[in-house]
$ cat data_15.cif   # mmCIF, C-alpha atoms and all ligand atoms
data_entry
#
loop_
_atom_site.label_atom_id
_atom_site.label_comp_id
_atom_site.auth_asym_id
_atom_site.auth_seq_id
_atom_site.Cartn_x
_atom_site.Cartn_y
_atom_site.Cartn_z
CA MET A 1237 -67.15 51.39 63.91
CA LYS A 1238 -66.70 52.62 60.34
CA GLU A 1239 -63.16 52.66 59.05
CA GLN A 1240 -62.07 56.11 57.91
CA ILE A 1241 -58.64 56.31 56.37
CA ASN A 1242 -58.57 59.91 55.29
CA GLU A 1243 -60.71 61.81 57.78
CA ASN A 1244 -58.85 65.12 57.76
CA ASN A 1245 -59.06 65.73 54.06
CA TYR A 1246 -61.00 64.85 50.95
CA SER A 1247 -59.23 62.53 48.55
CA ALA A 1248 -58.68 61.80 44.88
CA VAL A 1249 -58.79 58.04 44.36
CA ALA A 1250 -57.53 55.86 41.51
CA LEU A 1251 -59.26 52.47 41.32
CA GLY A 1252 -57.74 49.28 39.90
CA PHE A 1253 -55.44 46.34 40.58
CA PHE A 1254 -52.60 47.98 38.63
CA ASP A 1255 -50.33 44.97 38.13
CA GLY A 1256 -47.25 46.22 36.34
CA ILE A 1257 -48.16 49.91 36.54
CA HIS A 1258 -48.03 49.97 32.76
CA GLN A 1259 -48.64 52.96 30.50
CA GLY A 1260 -52.44 52.54 30.74
CA HIS A 1261 -52.28 52.48 34.54
CA ARG A 1262 -49.98 55.49 34.54
CA ALA A 1263 -52.47 57.49 32.48
CA VAL A 1264 -55.16 56.91 35.15
CA ILE A 1265 -52.86 57.54 38.11
CA GLU A 1266 -51.12 60.61 36.67
CA LYS A 1267 -54.50 62.26 36.03
CA MET A 1268 -55.50 61.49 39.59
CA ILE A 1269 -52.31 63.01 41.02
CA LYS A 1270 -52.64 66.14 38.87
CA VAL A 1271 -56.21 66.80 40.05
CA ALA A 1272 -55.29 65.97 43.66
CA ASN A 1273 -52.52 68.57 43.53
CA GLU A 1274 -54.73 71.18 41.87
CA LYS A 1275 -57.53 70.72 44.40
CA SER A 1276 -55.43 69.95 47.49
CA LEU A 1277 -56.86 66.46 47.85
CA THR A 1278 -54.98 63.44 49.22
CA PRO A 1279 -53.84 61.29 46.26
CA ILE A 1280 -54.81 57.68 47.00
CA VAL A 1281 -54.60 54.43 45.07
CA TYR A 1282 -57.22 51.93 46.22
CA THR A 1283 -56.20 48.41 45.24
CA PHE A 1284 -56.05 44.82 46.51
CA ARG A 1285 -53.38 42.61 48.07
CA LYS A 1286 -54.13 39.79 45.65
CA ASN A 1287 -55.44 39.92 42.12
CA PRO A 1288 -59.25 39.52 42.31
CA ALA A 1289 -59.03 37.22 39.25
CA LEU A 1290 -57.50 34.57 41.55
CA LEU A 1291 -60.82 34.24 43.36
CA PHE A 1292 -62.54 33.44 40.12
CA GLY A 1293 -60.38 30.37 39.53
CA ARG A 1294 -57.89 31.97 37.17
CA SER A 1295 -54.23 31.61 38.02
CA VAL A 1296 -52.68 34.96 37.44
CA GLU A 1297 -48.96 35.53 37.51
CA ILE A 1298 -47.63 38.80 38.81
CA ILE A 1299 -45.70 41.41 36.85
CA THR A 1300 -44.98 43.69 39.81
CA PRO A 1301 -44.88 42.29 43.36
CA ASN A 1302 -46.78 44.44 45.88
CA GLU A 1303 -43.64 45.92 47.46
CA GLU A 1304 -42.45 47.17 44.07
CA ARG A 1305 -45.95 48.41 43.18
CA GLN A 1306 -45.90 50.47 46.40
CA ILE A 1307 -42.49 51.96 45.57
CA ILE A 1308 -43.44 52.91 42.00
CA LEU A 1309 -46.71 54.51 43.14
CA LYS A 1310 -45.04 56.46 45.95
CA ASN A 1311 -42.38 57.69 43.51
CA MET A 1312 -45.16 58.89 41.19
CA GLY A 1313 -46.56 61.05 44.01
CA VAL A 1314 -49.28 58.85 45.52
CA SER A 1315 -49.55 59.47 49.31
CA LYS A 1316 -51.47 56.35 50.27
CA VAL A 1317 -51.62 52.97 48.58
CA ILE A 1318 -54.43 50.98 50.14
CA GLU A 1319 -54.15 47.23 49.55
CA ASP A 1320 -57.48 45.89 50.76
CA ASP A 1321 -58.50 42.27 51.03
CA PHE A 1322 -60.77 41.75 48.01
CA LEU A 1323 -62.95 39.42 50.10
CA THR A 1324 -64.19 42.39 52.15
CA VAL A 1325 -65.70 44.09 49.10
CA LYS A 1326 -66.40 41.06 46.90
CA ASP A 1327 -70.11 40.89 47.70
CA TYR A 1328 -70.82 44.61 47.93
CA SER A 1329 -73.43 45.93 45.53
CA PRO A 1330 -72.20 48.84 43.38
CA ARG A 1331 -73.97 51.28 45.72
CA GLU A 1332 -72.45 49.67 48.83
CA PHE A 1333 -68.97 49.91 47.29
CA VAL A 1334 -69.38 53.61 46.62
CA GLU A 1335 -70.87 54.31 50.04
CA LYS A 1336 -68.64 52.12 52.20
CA ILE A 1337 -65.34 52.48 50.39
CA LEU A 1338 -65.33 55.72 48.42
CA VAL A 1339 -67.46 57.85 50.74
CA GLU A 1340 -66.99 56.45 54.25
CA LYS A 1341 -63.52 54.95 54.10
CA LEU A 1342 -61.72 57.25 51.66
CA ASN A 1343 -63.63 60.53 51.82
CA ALA A 1344 -63.37 60.74 48.03
CA LYS A 1345 -64.22 63.85 46.02
CA GLU A 1346 -62.63 62.79 42.73
CA VAL A 1347 -62.46 59.21 41.44
CA PHE A 1348 -60.40 57.90 38.50
CA CYS A 1349 -60.58 54.61 36.64
CA GLY A 1350 -59.84 53.08 33.26
CA PHE A 1351 -62.28 52.45 30.39
CA ASN A 1352 -62.72 48.76 31.36
CA TYR A 1353 -63.16 49.17 35.13
CA HIS A 1354 -65.81 46.94 36.71
CA PHE A 1355 -66.98 46.75 40.29
CA GLY A 1356 -69.78 45.51 42.54
CA LYS A 1357 -70.68 41.86 43.21
CA GLY A 1358 -69.73 39.73 40.18
CA GLY A 1359 -68.26 42.82 38.49
CA VAL A 1360 -71.76 43.88 37.35
CA ALA A 1361 -71.18 47.62 37.20
CA ASP A 1362 -69.03 49.66 34.83
CA HIS A 1363 -67.77 53.24 34.76
CA ASN A 1364 -71.20 54.57 33.68
CA THR A 1365 -72.81 53.15 36.81
CA LEU A 1366 -69.89 54.44 38.86
CA LYS A 1367 -70.56 57.94 37.52
CA GLU A 1368 -74.30 57.72 38.23
CA ILE A 1369 -73.93 56.55 41.83
CA CYS A 1370 -71.01 58.88 42.59
CA LYS A 1371 -73.02 61.86 41.33
CA GLU A 1372 -75.50 61.34 44.19
CA PHE A 1373 -72.58 61.84 46.61
CA SER A 1374 -71.11 64.82 44.70
CA ILE A 1375 -68.12 62.74 43.65
CA ASN A 1376 -66.71 63.47 40.23
CA VAL A 1377 -65.58 60.48 38.12
CA THR A 1378 -62.93 60.68 35.39
CA VAL A 1379 -62.60 57.73 33.03
CA THR A 1380 -59.39 57.27 31.04
CA ASP A 1381 -59.51 55.85 27.51
CA GLN A 1382 -57.41 52.90 26.52
CA VAL A 1383 -53.75 53.59 25.83
CA VAL A 1384 -52.68 51.99 22.54
CA VAL A 1385 -49.05 51.15 21.77
CA ASP A 1386 -47.89 49.41 18.57
CA GLY A 1387 -51.47 48.98 17.41
CA ASP A 1388 -52.88 47.26 20.52
CA THR A 1389 -54.31 48.22 23.88
CA VAL A 1390 -51.71 48.07 26.64
CA SER A 1391 -52.80 45.50 29.22
CA SER A 1392 -51.27 43.37 31.97
CA THR A 1393 -52.30 40.24 30.04
CA ARG A 1394 -50.48 41.41 26.91
CA ILE A 1395 -47.38 42.20 28.98
CA ARG A 1396 -47.43 38.78 30.72
CA LYS A 1397 -47.46 37.07 27.30
CA LEU A 1398 -44.53 39.18 26.13
CA ILE A 1399 -42.59 38.28 29.30
CA LYS A 1400 -43.21 34.57 28.57
CA ASN A 1401 -41.89 35.16 25.03
CA GLY A 1402 -38.79 36.92 26.31
CA GLU A 1403 -39.72 40.08 24.41
CA MET A 1404 -38.22 42.31 27.04
CA GLU A 1405 -37.77 45.45 24.96
CA GLU A 1406 -41.50 45.46 24.13
CA VAL A 1407 -42.35 44.63 27.77
CA ASN A 1408 -40.33 47.57 29.00
CA LYS A 1409 -41.84 49.87 26.37
CA LEU A 1410 -45.42 48.97 27.38
CA LEU A 1411 -44.57 49.22 31.08
CA GLY A 1412 -42.84 52.57 30.76
CA HIS A 1413 -40.21 51.20 33.13
CA ARG A 1414 -38.04 48.09 33.25
CA PHE A 1415 -39.23 44.63 34.22
CA GLY A 1416 -37.19 42.95 36.93
CA TYR A 1417 -37.01 41.88 40.52
CA THR A 1418 -35.42 42.84 43.81
CA SER A 1419 -34.28 39.98 46.02
CA VAL A 1420 -31.49 38.69 48.21
CA ILE A 1421 -28.35 37.02 46.79
CA GLU A 1422 -28.29 33.35 47.71
CA GLN A 1423 -25.61 30.64 47.72
CA GLY A 1424 -25.44 28.35 44.68
CA ASN A 1425 -23.12 25.39 44.04
CA HIS A 1426 -20.03 27.61 43.71
CA ILE A 1427 -19.31 26.29 40.21
CA GLY A 1428 -19.45 29.79 38.71
CA ARG A 1429 -16.21 30.99 40.25
CA LEU A 1430 -14.38 27.85 39.05
CA MET A 1431 -15.26 28.92 35.52
CA ASP A 1432 -14.14 32.48 36.26
CA THR A 1433 -17.74 33.64 35.88
CA PRO A 1434 -19.09 33.92 39.43
CA THR A 1435 -22.83 34.40 39.37
CA ILE A 1436 -25.29 36.17 41.58
CA ASN A 1437 -28.11 33.75 42.36
CA GLN A 1438 -31.54 35.26 43.05
CA LYS A 1439 -34.85 33.54 43.68
CA LEU A 1440 -37.61 34.88 41.47
CA PRO A 1441 -40.43 36.52 43.46
CA GLU A 1442 -43.30 34.18 44.28
CA ASN A 1443 -45.89 33.93 41.51
CA ILE A 1444 -44.00 36.27 39.20
CA ALA A 1445 -44.50 35.84 35.45
CA ILE A 1446 -41.32 33.91 34.64
CA PRO A 1447 -39.55 35.19 31.53
CA LYS A 1448 -38.70 32.79 28.69
CA PHE A 1449 -35.74 30.70 29.83
CA GLY A 1450 -32.55 32.15 28.44
CA VAL A 1451 -29.90 34.82 28.65
CA TYR A 1452 -30.70 38.54 28.94
CA THR A 1453 -28.64 41.71 29.00
CA SER A 1454 -29.38 43.27 32.39
CA ILE A 1455 -28.73 46.23 34.66
CA VAL A 1456 -28.07 45.35 38.28
CA THR A 1457 -28.19 47.82 41.16
CA ILE A 1458 -26.09 46.95 44.20
CA LYS A 1459 -25.89 49.40 47.12
CA GLY A 1460 -27.09 52.21 44.84
CA LYS A 1461 -24.52 51.52 42.12
CA GLN A 1462 -25.44 50.20 38.67
CA TYR A 1463 -23.55 47.42 36.87
CA ALA A 1464 -23.89 45.85 33.44
CA GLY A 1465 -25.02 42.25 33.84
CA VAL A 1466 -25.74 39.14 31.86
CA THR A 1467 -28.55 37.13 33.40
CA ASN A 1468 -29.64 33.56 32.82
CA VAL A 1469 -33.25 32.86 33.80
CA GLY A 1470 -33.89 29.15 33.89
CA VAL A 1471 -33.07 25.76 35.40
CA LYS A 1472 -29.43 25.43 34.18
CA PRO A 1473 -29.85 22.02 32.53
CA THR A 1474 -26.08 21.50 32.17
CA VAL A 1475 -25.53 21.14 35.92
CA GLY A 1476 -28.85 19.81 37.15
CA ASN A 1477 -32.51 20.42 37.56
CA TYR A 1478 -33.55 23.33 39.75
CA LYS A 1479 -36.53 25.52 40.32
CA PRO A 1480 -36.31 28.41 37.85
CA LEU A 1481 -33.95 31.05 39.16
CA SER A 1482 -32.03 34.11 38.07
CA GLU A 1483 -28.23 34.00 37.78
CA THR A 1484 -26.23 37.03 36.82
CA TRP A 1485 -22.59 37.46 35.99
CA LEU A 1486 -21.30 41.00 36.24
CA PRO A 1487 -18.43 41.07 33.73
CA LYS A 1488 -17.05 44.34 35.13
CA TYR A 1489 -17.35 43.62 38.86
CA ASN A 1490 -14.49 42.19 40.84
CA GLY A 1491 -15.18 43.30 44.39
CA PRO A 1492 -15.93 41.18 47.44
CA ASP A 1493 -18.61 38.50 47.69
CA LEU A 1494 -22.13 39.87 47.79
CA TYR A 1495 -24.05 37.07 49.49
CA GLY A 1496 -26.93 38.39 51.59
CA GLU A 1497 -27.19 41.72 49.75
CA VAL A 1498 -30.61 42.69 48.43
CA ILE A 1499 -30.04 43.69 44.82
CA ASP A 1500 -32.19 44.78 41.91
CA THR A 1501 -31.98 43.15 38.48
CA ARG A 1502 -33.72 44.63 35.41
CA LEU A 1503 -33.88 42.68 32.16
CA LEU A 1504 -33.23 44.71 28.99
CA CYS A 1505 -33.18 42.33 26.02
CA PHE A 1506 -33.06 38.65 25.15
CA GLN A 1507 -29.73 37.27 23.92
CA ARG A 1508 -30.22 33.51 23.45
CA PRO A 1509 -32.23 30.54 24.77
CA GLU A 1510 -30.89 28.46 27.67
CA LYS A 1511 -29.39 25.15 26.53
CA LYS A 1512 -27.77 21.98 27.85
CA PHE A 1513 -24.06 21.86 27.15
CA ASP A 1514 -21.96 18.67 26.92
CA SER A 1515 -19.23 20.08 29.16
CA LEU A 1516 -18.58 22.85 31.66
CA ALA A 1517 -15.80 24.07 29.35
CA GLU A 1518 -18.35 24.75 26.61
CA LEU A 1519 -20.68 26.41 29.10
CA GLU A 1520 -17.84 28.63 30.35
CA LYS A 1521 -16.89 29.69 26.82
CA THR A 1522 -20.50 30.52 26.03
CA ILE A 1523 -21.09 32.51 29.25
CA LYS A 1524 -17.95 34.57 28.57
CA ASN A 1525 -19.23 35.26 25.07
CA ASP A 1526 -22.67 36.16 26.52
CA GLY A 1527 -20.88 38.66 28.77
CA LYS A 1528 -19.14 40.27 25.76
CA ASN A 1529 -22.46 40.58 23.93
CA ALA A 1530 -24.12 42.07 27.00
CA LEU A 1531 -21.44 44.76 27.26
CA ILE A 1532 -22.07 45.67 23.61
CA ASN A 1533 -25.88 45.63 24.01
CA ILE A 1534 -25.88 47.72 27.16
CA LYS A 1535 -24.53 50.76 25.31
CA LYS A 1536 -27.99 51.12 23.74
CA TYR A 1537 -29.60 51.51 27.15
CA ILE A 1538 -27.23 53.75 29.11
CA CYS A 1539 -26.02 57.14 28.04
C1 LIG B 1 -24.87 34.43 31.26
C2 LIG B 1 -25.20 33.05 31.74
C3 LIG B 1 -25.65 32.10 30.83
C4 LIG B 1 -25.95 30.83 31.24
N1 LIG B 1 -26.41 29.92 30.34
C5 LIG B 1 -26.68 28.65 30.72
C6 LIG B 1 -27.13 27.68 29.77
O1 LIG B 1 -27.38 27.97 28.60
N2 LIG B 1 -27.31 26.42 30.20
C7 LIG B 1 -27.09 26.06 31.50
O2 LIG B 1 -27.26 24.89 31.81
N3 LIG B 1 -26.70 26.96 32.43
C8 LIG B 1 -26.49 28.23 32.07
N4 LIG B 1 -26.07 29.16 33.00
C9 LIG B 1 -26.01 28.76 34.41
C10 LIG B 1 -24.72 28.07 34.75
O3 LIG B 1 -24.92 26.69 34.61
C11 LIG B 1 -24.37 28.41 36.18
O4 LIG B 1 -24.10 29.76 36.28
C12 LIG B 1 -23.17 27.64 36.66
O5 LIG B 1 -23.52 26.30 36.74
C13 LIG B 1 -22.69 28.13 38.01
O6 LIG B 1 -23.71 28.05 38.97
P1 LIG B 1 -23.45 28.18 40.53
O7 LIG B 1 -22.06 28.62 40.74
O8 LIG B 1 -24.45 29.18 40.98
O9 LIG B 1 -23.72 26.85 41.07
C14 LIG B 1 -25.78 30.45 32.60
C15 LIG B 1 -25.34 31.43 33.52
C16 LIG B 1 -25.06 32.71 33.10
C17 LIG B 1 -24.59 33.72 34.09
N1 LIG B 2 -18.30 39.67 38.68
C1 LIG B 2 -19.17 39.04 39.49
N2 LIG B 2 -20.43 38.75 39.07
C2 LIG B 2 -21.29 38.13 39.89
N3 LIG B 2 -20.98 37.73 41.14
C3 LIG B 2 -19.74 37.99 41.61
C4 LIG B 2 -18.80 38.66 40.81
N4 LIG B 2 -17.65 38.78 41.52
C5 LIG B 2 -17.88 38.21 42.73
N5 LIG B 2 -19.13 37.74 42.81
C6 LIG B 2 -19.63 37.04 43.98
O1 LIG B 2 -19.49 35.63 43.74
C7 LIG B 2 -20.66 34.94 44.13
C8 LIG B 2 -20.94 33.83 43.18
O2 LIG B 2 -19.93 32.88 43.04
P1 LIG B 2 -20.29 31.43 42.49
O3 LIG B 2 -19.07 30.58 42.44
O4 LIG B 2 -21.08 31.54 41.21
O5 LIG B 2 -21.15 30.89 43.66
P2 LIG B 2 -22.71 30.61 43.80
O6 LIG B 2 -22.85 29.25 43.27
O7 LIG B 2 -22.96 30.70 45.28
O8 LIG B 2 -23.45 31.65 43.03
C9 LIG B 2 -21.77 36.01 44.05
O9 LIG B 2 -22.77 35.84 45.01
C10 LIG B 2 -21.03 37.29 44.33
O10 LIG B 2 -21.04 37.53 45.71
#

$ encode --input "data_15.cif" --output "structure tokens"
Amino acid sequence: MKEQINENNYSAVALGFFDGIHQGHRAVIEKMIKVANEKSLTPIVYTFRKNPALLFGRSVEIITPNEERQIILKNMGVSKVIEDDFLTVKDYSPREFVEKILVEKLNAKEVFCGFNYHFGKGGVADHNTLKEICKEFSINVTVTDQVVVDGDTVSSTRIRKLIKNGEMEEVNKLLGHRFGYTSVIEQGNHIGRLMDTPTINQKLPENIAIPKFGVYTSIVTIKGKQYAGVTNVGVKPTVGNYKPLSETWLPKYNGPDLYGEVIDTRLLCFQRPEKKFDSLAELEKTIKNDGKNALINIKKYIC
């Protein structure tokens, strides 16, 4: 039986992997939502669970884990985010993709993609072919031009490089929202509280693009409340070798322990590289100073 996801209504569909939901992605998706609202169509994003590039032997780190991608898209006004398995469409010809996915599965009337969208087996077809085939099914295709910021096209690849360089202000500018992660607070070695700087330990999401190791001014949301934070992303060489993790001290928090809470950490700007200290006393002094700097920096980001 054919799968039909949107049988009671026609849809407007944005096509792409949309890692990061950066400004370029937003331009495509916002157009889609506007037209969907004007024409009473269901606004749908059709995407994949895993980045198709992975199947072509490239290791691609993630900017936005799927759960966060879902939340951002829903908040933008998308009704359905379809995360298909790329393997199901990988070998479709361009015509099969249009027929099986856009027509039969999604009941599309309006389709939206970016200037560099490719589809069909081996990525043979571009937006011109998409327009031609869709025309036969009375589907209108809108192609969005590249969005340029600071002289270059905004792309997930550019943003991943900036994350690796710790250039968080530029990352957040190109994203149009703040880079970060939501995860549960885990137990560490309990050294933090001995130094009077207890730290929230969070695993980084699997496969995420890991920011340059070092200290960042951050905003942390715990049970709906925001706190100024100072976050070290790295392997804390002073106390031992670990998998990269995120550790945040909240200089203004002195409530109960937060182990087990799921919290959200957003990185705002880079303060200094991570380093190995000769003593815990030196580390403590530096972390306290990092906290002071973070409280000064944060004034730029909150009104
Ligand atoms: C703001 C901040 C800066 C940090 N900078 C470093 C650093 O430069 N080098 C390092 O080895 N560890 C650094 N750390 C990690 C500390 O080593 C770690 O928080 C401490 O060992 C306590 O960890 P635990 O209580 O989770 O075991 C930093 C932590 C924070 C919160
Ligand atoms: N101001 C604060 N900033 C960060 N965590 C705090 C703060 N006050 C209390 N905590 C709590 O202390 C815990 C961290 O203490 P710490 O000694 O660093 O232990 P761990 O090694 O398990 O991270 C955090 O999980 C959190 O629940």

$ closest_residue --input "data_15.cif" --among "A:Val1339, A:Pro1441, A:Phe1513, A:Asn1490" --to "Lys1472 (chain A)" --atoms "all atoms listed in the file"
A:Phe1513

$ residues_near_ligand --input "data_15.cif" --ligand "ligand LIG 1 (chain B)" --cutoff "9 Å" --atoms "all atoms listed in the file" --output "compact mmCIF listing (two decimals) with C-alpha atoms, in the coordinates of the input"
# COMPACT_ATOMS: atom_id res chain seq x y z
CA GLU A 1422 -28.29 33.35 47.71
CA GLN A 1423 -25.61 30.64 47.72
CA GLY A 1424 -25.44 28.35 44.68
CA ASN A 1425 -23.12 25.39 44.04
CA HIS A 1426 -20.03 27.61 43.71
CA ILE A 1427 -19.31 26.29 40.21
CA GLY A 1428 -19.45 29.79 38.71
CA ARG A 1429 -16.21 30.99 40.25
CA LEU A 1430 -14.38 27.85 39.05
CA MET A 1431 -15.26 28.92 35.52
CA THR A 1433 -17.74 33.64 35.88
CA PRO A 1434 -19.09 33.92 39.43
CA THR A 1435 -22.83 34.40 39.37
CA ILE A 1436 -25.29 36.17 41.58
CA ASN A 1437 -28.11 33.75 42.36
CA PHE A 1449 -35.74 30.70 29.83
CA GLY A 1450 -32.55 32.15 28.44
CA VAL A 1451 -29.90 34.82 28.65
CA TYR A 1452 -30.70 38.54 28.94
CA THR A 1453 -28.64 41.71 29.00
CA GLY A 1465 -25.02 42.25 33.84
CA VAL A 1466 -25.74 39.14 31.86
CA THR A 1467 -28.55 37.13 33.40
CA ASN A 1468 -29.64 33.56 32.82
CA VAL A 1469 -33.25 32.86 33.80
CA GLY A 1470 -33.89 29.15 33.89
CA VAL A 1471 -33.07 25.76 35.40
CA LYS A 1472 -29.43 25.43 34.18
CA PRO A 1473 -29.85 22.02 32.53
CA THR A 1474 -26.08 21.50 32.17
CA VAL A 1475 -25.53 21.14 35.92
CA GLY A 1476 -28.85 19.81 37.15
CA ASN A 1477 -32.51 20.42 37.56
CA SER A 1482 -32.03 34.11 38.07
CA GLU A 1483 -28.23 34.00 37.78
CA THR A 1484 -26.23 37.03 36.82
CA TRP A 1485 -22.59 37.46 35.99
CA LEU A 1486 -21.30 41.00 36.24
CA ARG A 1508 -30.22 33.51 23.45
CA PRO A 1509 -32.23 30.54 24.77
CA GLU A 1510 -30.89 28.46 27.67
CA LYS A 1511 -29.39 25.15 26.53
CA LYS A 1512 -27.77 21.98 27.85
CA PHE A 1513 -24.06 21.86 27.15
CA LEU A 1516 -18.58 22.85 31.66
CA LEU A 1519 -20.68 26.41 29.10
CA GLU A 1520 -17.84 28.63 30.35
CA THR A 1522 -20.50 30.52 26.03
CA ILE A 1523 -21.09 32.51 29.25
CA LYS A 1524 -17.95 34.57 28.57
CA ASN A 1525 -19.23 35.26 25.07
CA ASP A 1526 -22.67 36.16 26.52
CA GLY A 1527 -20.88 38.66 28.77
CA ALA A 1530 -24.12 42.07 27.00

$ residues_near_point --input "data_15.cif" --point "(-61.7, 66.5, 50.4)" --cutoff "10 Å" --atoms "all atoms listed in the file" --output "list in words"
Asn1242, Glu1243, Asn1244, Asn1245, Tyr1246, Ser1247, Ala1248, Ala1272, Lys1275, Ser1276, Leu1277, Thr1278, Leu1342, Asn1343, Ala1344, Lys1345 and Glu1346 of chain A

$ closest_residue --input "data_15.cif" --among "A:Asp1500, A:Ile1534, A:Lys1488, A:Ser1515" --to "ligand LIG 2 (chain B)" --atoms "all atoms listed in the file"
A:Lys1488

$ closest_residue --input "data_15.cif" --among "A:Thr1501, A:Tyr1489, A:Ile1532, A:Gly1350" --to "ligand LIG 2 (chain B)" --atoms "all atoms listed in the file"
A:Tyr1489

$ atom_distance --input "data_15.cif" --atom1 "CA of Leu1494 (chain A)" --atom2 "atom O6 of ligand LIG 2 (chain B)"
11.6 Å

$ closest_residue --input "data_15.cif" --among "A:Gly1496, A:Gly1416, A:Lys1459, A:Val1271" --to "Val1377 (chain A)" --atoms "only C-alpha atoms"
A:Val1271

$ residues_around --input "data_15.cif" --residues "His1363 (chain A)" --least-positions-apart "2" --cutoff "12 Å" --atoms "all atoms listed in the file" --output "list in words"
Leu1251, Gly1252, Pro1330, Val1334, Val1347, Phe1348, Cys1349, Gly1350, Phe1351, Asn1352, Tyr1353, His1354, Phe1355, Gly1356, Gly1359, Val1360, Ala1361, Thr1365, Leu1366, Lys1367, Glu1368, Ile1369, Cys1370, Asn1376, Val1377, Thr1378, Val1379, Thr1380 and Asp1381 of chain A

$ closest_residue --input "data_15.cif" --among "A:Leu1504, A:Val1264, A:Val1420, A:Ile1444" --to "ligand LIG 2 (chain B)" --atoms "all atoms listed in the file"
A:Val1420

$ atom_distance --input "data_15.cif" --atom1 "CA of Gln1382 (chain A)" --atom2 "CA of Lys1409 (chain A)"
15.9 Å

$ closest_residue --input "data_15.cif" --among "A:Gly1402, A:Pro1492, A:Gly1256, A:Gly1293" --to "ligand LIG 2 (chain B)" --atoms "all atoms listed in the file"
A:Pro1492

$ atom_distance --input "data_15.cif" --atom1 "CA of Ile1455 (chain A)" --atom2 "CA of Leu1503 (chain A)"
6.7 Å

$ residues_around --input "data_15.cif" --residues "Ser1329 (chain A)" --least-positions-apart "2" --cutoff "7 Å" --atoms "all atoms listed in the file" --output "VMD selection string"
chain A and resid 1327 1331 to 1333 1356 to 1357

$ write_last_selection --input "data_15.cif" --atoms "C-alpha atoms" --output "short mmCIF file (atom, residue, chain, number, x, y, z; two decimals), in the coordinates of the input"
data_model
loop_
_atom_site.label_atom_id
_atom_site.label_comp_id
_atom_site.auth_asym_id
_atom_site.auth_seq_id
_atom_site.Cartn_x
_atom_site.Cartn_y
_atom_site.Cartn_z
CA ASP A 1327 -70.11 40.89 47.70
CA ARG A 1331 -73.97 51.28 45.72
CA GLU A 1332 -72.45 49.67 48.83
CA PHE A 1333 -68.97 49.91 47.29
CA GLY A 1356 -69.78 45.51 42.54
CA LYS A 1357 -70.68 41.86 43.21
#

$ residues_around --input "data_15.cif" --residues "Ile1318 (chain A)" --least-positions-apart "2" --cutoff "10 Å" --atoms "only C-alpha atoms" --output "MDAnalysis selection string"
chainID A and resid 1241 1280:1285 1306 1315:1316 1320:1321 1342

$ write_last_selection --input "data_15.cif" --atoms "C-alpha atoms" --output "mmCIF file, in the frame of the given file"
data_model
loop_
_atom_site.group_PDB
_atom_site.id
_atom_site.type_symbol
_atom_site.label_atom_id
_atom_site.label_comp_id
_atom_site.auth_asym_id
_atom_site.auth_seq_id
_atom_site.Cartn_x
_atom_site.Cartn_y
_atom_site.Cartn_z
ATOM 1 C CA ILE A 1241 -58.640 56.310 56.370
ATOM 2 C CA ILE A 1280 -54.810 57.680 47.000
ATOM 3 C CA VAL A 1281 -54.600 54.430 45.070
ATOM 4 C CA TYR A 1282 -57.220 51.930 46.220
ATOM 5 C CA THR A 1283 -56.200 48.410 45.240
ATOM 6 C CA PHE A 1284 -56.050 44.820 46.510
ATOM 7 C CA ARG A 1285 -53.380 42.610 48.070
ATOM 8 C CA GLN A 1306 -45.900 50.470 46.400
ATOM 9 C CA SER A 1315 -49.550 59.470 49.310
ATOM 10 C CA LYS A 1316 -51.470 56.350 50.270
ATOM 11 C CA ASP A 1320 -57.480 45.890 50.760
ATOM 12 C CA ASP A 1321 -58.500 42.270 51.030
ATOM 13 C CA LEU A 1342 -61.720 57.250 51.660
#
